[in-house]
$ cat structure-v4.cif   # mmCIF, C-alpha atoms
data_upload
#
loop_
_atom_site.label_atom_id
_atom_site.label_comp_id
_atom_site.auth_asym_id
_atom_site.auth_seq_id
_atom_site.Cartn_x
_atom_site.Cartn_y
_atom_site.Cartn_z
CA MET Q 1 20.63 23.51 28.47
CA ILE Q 2 20.76 24.59 32.09
CA ILE Q 3 22.44 27.88 32.98
CA ILE Q 4 23.50 28.84 36.52
CA GLY Q 5 25.75 31.59 37.87
CA ALA Q 6 26.05 34.60 40.11
CA ASP Q 7 23.78 37.23 38.59
CA ARG Q 8 25.45 39.97 36.62
CA LEU Q 9 24.92 41.93 33.43
CA GLY Q 10 25.38 40.05 30.17
CA LEU Q 11 24.96 36.40 31.18
CA VAL Q 12 22.23 35.63 28.68
CA GLN Q 13 24.19 37.43 25.98
CA LEU Q 14 27.20 35.17 26.61
CA VAL Q 15 25.14 32.05 26.03
CA ALA Q 16 23.07 33.46 23.17
CA SER Q 17 26.25 34.52 21.35
CA GLN Q 18 27.73 31.03 21.61
CA VAL Q 19 24.52 29.46 20.32
CA ALA Q 20 24.37 31.85 17.35
CA ASP Q 21 28.12 31.53 16.64
CA HIS Q 22 27.64 27.77 16.30
CA GLY Q 23 24.72 28.02 13.88
CA GLY Q 24 22.10 27.49 16.56
CA ASN Q 25 18.59 28.78 16.95
CA TRP Q 26 17.19 29.76 20.39
CA LEU Q 27 13.73 28.11 20.57
CA GLU Q 28 12.42 28.76 24.07
CA SER Q 29 13.62 29.51 27.59
CA ARG Q 30 12.69 30.32 31.16
CA MET Q 31 15.17 32.32 33.21
CA CYS Q 32 15.16 34.29 36.43
CA HIS Q 33 17.16 36.07 39.11
CA LEU Q 34 16.73 34.60 42.58
CA GLY Q 35 18.75 35.24 45.71
CA GLY Q 36 21.67 36.84 43.87
CA GLN Q 37 21.89 33.93 41.45
CA PHE Q 38 20.78 33.62 37.86
CA ALA Q 39 19.28 30.35 36.67
CA GLY Q 40 17.61 29.30 33.51
CA ILE Q 41 16.76 26.56 31.16
CA ALA Q 42 16.78 26.97 27.41
CA ARG Q 43 15.96 24.82 24.42
CA VAL Q 44 18.07 25.47 21.37
CA GLU Q 45 18.45 23.82 18.01
CA VAL Q 46 21.96 23.30 16.65
CA PRO Q 47 23.13 21.40 13.57
CA ALA Q 48 24.15 17.89 14.69
CA GLU Q 49 27.71 18.32 13.44
CA ARG Q 50 28.19 21.41 15.67
CA VAL Q 51 26.76 20.09 18.97
CA ALA Q 52 30.13 18.93 20.38
CA GLU Q 53 31.77 22.21 19.37
CA LEU Q 54 29.00 24.23 21.05
CA ARG Q 55 29.22 22.08 24.18
CA ARG Q 56 32.99 22.81 24.45
CA ALA Q 57 32.42 26.54 23.93
CA LEU Q 58 29.74 26.64 26.62
CA GLN Q 59 31.98 24.75 29.06
CA GLN Q 60 34.58 27.51 28.63
CA LEU Q 61 32.07 29.97 30.13
CA ASP Q 62 32.77 28.29 33.47
CA ALA Q 63 35.92 30.45 33.68
CA GLN Q 64 33.57 33.46 33.68
CA GLY Q 65 31.49 32.04 36.55
CA LEU Q 66 28.70 30.63 34.43
CA ARG Q 67 27.95 26.91 34.50
CA VAL Q 68 26.13 25.61 31.46
CA SER Q 69 24.98 22.00 31.26
CA VAL Q 70 23.91 20.67 27.89
CA ASP Q 71 21.63 17.72 27.30
CA ALA Q 72 21.32 16.68 23.67
CA GLY Q 73 17.62 15.82 23.60
CA GLU Q 74 16.26 13.16 21.34
CA GLY Q 75 13.53 15.30 19.84
CA PRO Q 76 10.20 16.49 21.15
CA ALA Q 77 8.66 14.84 24.19
CA ALA Q 78 5.57 12.68 23.86
CA VAL Q 79 2.35 14.66 23.71
CA VAL Q 80 0.18 14.26 26.81
CA TYR Q 81 -3.47 15.29 26.64
CA GLY Q 82 -5.28 16.78 29.55
CA THR Q 83 -6.52 19.91 31.23
CA ALA Q 84 -4.16 22.78 31.93
CA ALA Q 85 -4.81 24.30 35.34
CA THR Q 86 -3.31 26.71 37.84
CA ILE Q 87 -2.95 26.31 41.55
CA GLU Q 88 -2.62 29.38 43.74
CA LEU Q 89 -1.63 28.93 47.35
CA VAL Q 90 -1.20 31.42 50.21
CA GLY Q 91 -0.60 30.66 53.86
CA HIS Q 92 1.68 31.22 56.82
CA ASP Q 93 5.10 29.88 55.94
CA ARG Q 94 6.08 26.52 57.38
CA PRO Q 95 8.20 23.58 56.24
CA GLY Q 96 6.58 20.95 54.05
CA ILE Q 97 3.91 22.91 52.22
CA LEU Q 98 5.23 22.14 48.74
CA ARG Q 99 6.03 18.55 49.68
CA ASN Q 100 2.41 17.97 50.67
CA VAL Q 101 0.93 19.71 47.63
CA THR Q 102 3.22 17.98 45.15
CA SER Q 103 2.56 14.61 46.81
CA VAL Q 104 -1.14 14.99 46.00
CA LEU Q 105 -0.30 15.99 42.43
CA ALA Q 106 2.04 13.03 41.95
CA ALA Q 107 -0.52 10.61 43.39
CA HIS Q 108 -2.95 11.73 40.66
CA GLY Q 109 -0.34 11.69 37.88
CA VAL Q 110 -0.55 15.47 37.51
CA ASN Q 111 2.51 17.05 35.88
CA VAL Q 112 3.96 20.28 37.29
CA GLU Q 113 4.85 22.40 34.26
CA GLU Q 114 5.84 25.62 36.03
CA LEU Q 115 6.17 26.62 39.67
CA SER Q 116 7.01 29.94 41.27
CA SER Q 117 7.00 30.66 44.98
CA GLU Q 118 8.10 33.28 47.46
CA CYS Q 119 7.93 34.25 51.11
CA VAL Q 120 6.68 37.73 51.88
CA SER Q 121 6.03 39.63 55.10
CA ALA Q 122 2.50 39.17 56.32
CA PRO Q 123 0.48 42.35 56.81
CA MET Q 124 0.62 43.88 60.28
CA GLY Q 125 3.67 41.90 61.44
CA GLY Q 126 2.06 38.48 61.27
CA GLY Q 127 5.26 36.62 60.25
CA ASN Q 128 5.91 35.36 56.75
CA LEU Q 129 3.42 34.26 54.14
CA PHE Q 130 4.28 31.56 51.65
CA GLN Q 131 2.82 32.13 48.19
CA ALA Q 132 2.99 29.77 45.25
CA ARG Q 133 1.59 29.65 41.77
CA VAL Q 134 1.77 26.34 39.94
CA ARG Q 135 0.84 25.55 36.36
CA VAL Q 136 -0.06 21.88 35.97
CA LEU Q 137 -1.35 19.46 33.37
CA VAL Q 138 -4.05 17.12 34.65
CA PRO Q 139 -4.15 14.00 32.44
CA SER Q 140 -7.40 13.39 30.57
CA THR Q 141 -7.82 10.16 32.57
CA VAL Q 142 -7.97 12.10 35.87
CA LYS Q 143 -10.96 14.07 37.12
CA LEU Q 144 -10.04 17.64 38.04
CA GLU Q 145 -12.61 17.51 40.86
CA ALA Q 146 -10.80 14.55 42.47
CA VAL Q 147 -7.52 16.48 42.47
CA ARG Q 148 -9.29 19.57 43.85
CA ALA Q 149 -10.92 17.54 46.67
CA ASP Q 150 -7.59 16.04 47.75
CA LEU Q 151 -5.88 19.44 47.63
CA GLU Q 152 -8.66 20.97 49.73
CA LYS Q 153 -8.18 18.24 52.36
CA ILE Q 154 -4.50 19.08 52.82
CA ALA Q 155 -5.13 22.83 52.59
CA ALA Q 156 -7.17 22.62 55.79
CA ASP Q 157 -4.37 20.69 57.54
CA LEU Q 158 -1.72 23.13 56.30
CA MET Q 159 -3.93 26.15 57.08
CA VAL Q 160 -3.45 27.64 53.61
CA ASP Q 161 -5.82 29.06 51.03
CA LEU Q 162 -5.53 26.97 47.90
CA THR Q 163 -7.38 27.24 44.60
CA LEU Q 164 -7.24 24.99 41.55
CA ARG Q 165 -8.70 26.42 38.36
CA PRO Q 166 -8.68 25.13 34.79
CA VAL Q 167 -6.96 27.47 32.38
CA ALA Q 168 -9.38 28.95 29.89
CA THR Q 169 -8.50 28.00 26.34
CA ALA Q 170 -9.03 30.15 23.30
CA GLY Q 171 -11.54 28.68 20.94
#

$ encode --input "structure-v4.cif" --output "structure tokens"
Amino acid sequence: MIIIGADRLGLVQLVASQVADHGGNWLESRMCHLGGQFAGIARVEVPAERVAELRRALQQLDAQGLRVSVDAGEGPAAVVYGTAATIELVGHDRPGILRNVTSVLAAHGVNVEELSSECVSAPMGGGNLFQARVRVLVPSTVKLEAVRADLEKIAADLMVDLTLRPVATAG
């Protein structure tokens, strides 16, 4: 489900209560406050016979300023094997940075699993810096070095510092 609304106290509780009241189990979620808004995505498990009832209850939260969109998934997604990696990017803010970076990733078939970004004041009044941290999955058929080389090419054009590192796995 996707949750969006003006940020205020108790939004998650509203949704969590409806899920629990309809026999559901909250499996995982990612939520955040950004620019006065609250947005999140959650994966819940609900008995099949209660899905329509839960969907109606969540739609009624719209009257309280909270939009909840429900997608009844068809089970777990296909497993993709590859290398988990992180990309960290810092540079003077300008339009098109993410477009260029994600174009390289898409060209290599790299999946963006999580992305966070922000603009912050540069030290000593140097304008705004754009910072991003991206968690990706590089398919096993793609060489991490090839992705890194293409990212380094655009980093020079964009005048940003960009690093791509594999995520260490426990073993």

$ atom_distance --input "structure-v4.cif" --atom1 "CA of Gly40 in chain Q" --atom2 "CA of Gln59 in chain Q"
15.7 Å

$ resolve_selection --input "structure-v4.cif" --expression "the PyMOL selection byres ((chain Q and resi 38) around 7)" --output "number ranges by chain"
Q: 4-7, 32-34, 36-37, 39-40

$ closest_residue --input "structure-v4.cif" --among "Q:Lys143, Q:Arg43, Q:Arg94, Q:Arg99" --to "Ala72 in chain Q" --atoms "only C-alpha atoms"
Q:Arg43

$ resolve_selection --input "structure-v4.cif" --expression "the PyMOL selection byres ((chain Q and resi 92) around 10)" --output "list in words"
Val90, Gly91, Asp93, Arg94, Ile97, Cys119, Val120, Ser121, Ala122, Gly126, Gly127, Asn128, Leu129, Phe130, Gln131, Leu158, Met159, Val160 and Asp161 of chain Q

$ write_last_selection --input "structure-v4.cif" --atoms "C-alpha atoms" --output "PDB file, keeping the file's coordinate frame"
ATOM      1  CA  VAL Q  90      -1.200  31.420  50.210  1.00  0.00           C
ATOM      2  CA  GLY Q  91      -0.600  30.660  53.860  1.00  0.00           C
ATOM      3  CA  ASP Q  93       5.100  29.880  55.940  1.00  0.00           C
ATOM      4  CA  ARG Q  94       6.080  26.520  57.380  1.00  0.00           C
ATOM      5  CA  ILE Q  97       3.910  22.910  52.220  1.00  0.00           C
ATOM      6  CA  CYS Q 119       7.930  34.250  51.110  1.00  0.00           C
ATOM      7  CA  VAL Q 120       6.680  37.730  51.880  1.00  0.00           C
ATOM      8  CA  SER Q 121       6.030  39.630  55.100  1.00  0.00           C
ATOM      9  CA  ALA Q 122       2.500  39.170  56.320  1.00  0.00           C
ATOM     10  CA  GLY Q 126       2.060  38.480  61.270  1.00  0.00           C
ATOM     11  CA  GLY Q 127       5.260  36.620  60.250  1.00  0.00           C
ATOM     12  CA  ASN Q 128       5.910  35.360  56.750  1.00  0.00           C
ATOM     13  CA  LEU Q 129       3.420  34.260  54.140  1.00  0.00           C
ATOM     14  CA  PHE Q 130       4.280  31.560  51.650  1.00  0.00           C
ATOM     15  CA  GLN Q 131       2.820  32.130  48.190  1.00  0.00           C
ATOM     16  CA  LEU Q 158      -1.720  23.130  56.300  1.00  0.00           C
ATOM     17  CA  MET Q 159      -3.930  26.150  57.080  1.00  0.00           C
ATOM     18  CA  VAL Q 160      -3.450  27.640  53.610  1.00  0.00           C
ATOM     19  CA  ASP Q 161      -5.820  29.060  51.030  1.00  0.00           C
TER      20      ASP Q 161
END

$ resolve_selection --input "structure-v4.cif" --expression "the PyMOL selection byres ((chain Q and resi 50) around 12)" --output "list of chain:residue names"
Q:Gln18, Q:Val19, Q:Ala20, Q:Asp21, Q:His22, Q:Gly23, Q:Gly24, Q:Glu45, Q:Val46, Q:Pro47, Q:Ala48, Q:Glu49, Q:Val51, Q:Ala52, Q:Glu53, Q:Leu54, Q:Arg55, Q:Arg56, Q:Ala57, Q:Ala72

$ atom_distance --input "structure-v4.cif" --atom1 "CA of Gln13 in chain Q" --atom2 "CA of Gln64 in chain Q"
12.8 Å

$ residues_around --input "structure-v4.cif" --residues "Asn100 in chain Q" --least-positions-apart "6" --cutoff "12 Å" --atoms "all atoms listed in the file" --output "PyMOL selection string"
chain Q and resi 94+106-107+150-158+160

$ axis_aligned_box --input "structure-v4.cif" --around "range 128-139 of chain Q" --padding-each-side "4 Å" --output "lines of an AutoDock Vina configuration file"
center_x = 0.9
center_y = 24.7
center_z = 44.6
size_x = 18.1
size_y = 29.4
size_z = 32.3

$ residues_around --input "structure-v4.cif" --residues "Val142 in chain Q" --least-positions-apart "2" --cutoff "10 Å" --atoms "all atoms listed in the file" --output "JSON, numbers by chain"
{"Q": [82, 83, 108, 109, 110, 138, 139, 140, 144, 145, 146, 147]}

$ residues_around --input "structure-v4.cif" --residues "Leu14 in chain Q" --least-positions-apart "2" --cutoff "10 Å" --atoms "only C-alpha atoms" --output "list in words"
Leu9, Gly10, Leu11, Val12, Ala16, Ser17, Gln18, Val19, Leu58, Leu61, Gln64 and Leu66 of chain Q

$ closest_residue --input "structure-v4.cif" --among "Q:Glu118, Q:Ile2, Q:Ala132, Q:Glu113" --to "Gly35 in chain Q" --atoms "all atoms listed in the file"
Q:Glu118

$ residues_around --input "structure-v4.cif" --residues "range 86-89 of chain Q" --least-positions-apart "3" --cutoff "7 Å" --atoms "only C-alpha atoms" --output "ChimeraX atom specification"
/Q:131-136,160-167

$ closest_residue --input "structure-v4.cif" --among "Q:Ile3, Q:Thr141, Q:Pro95, Q:Arg67" --to "Tyr81 in chain Q" --atoms "only C-alpha atoms"
Q:Thr141

$ atom_distance --input "structure-v4.cif" --atom1 "CA of Met31 in chain Q" --atom2 "CA of Gln60 in chain Q"
20.5 Å
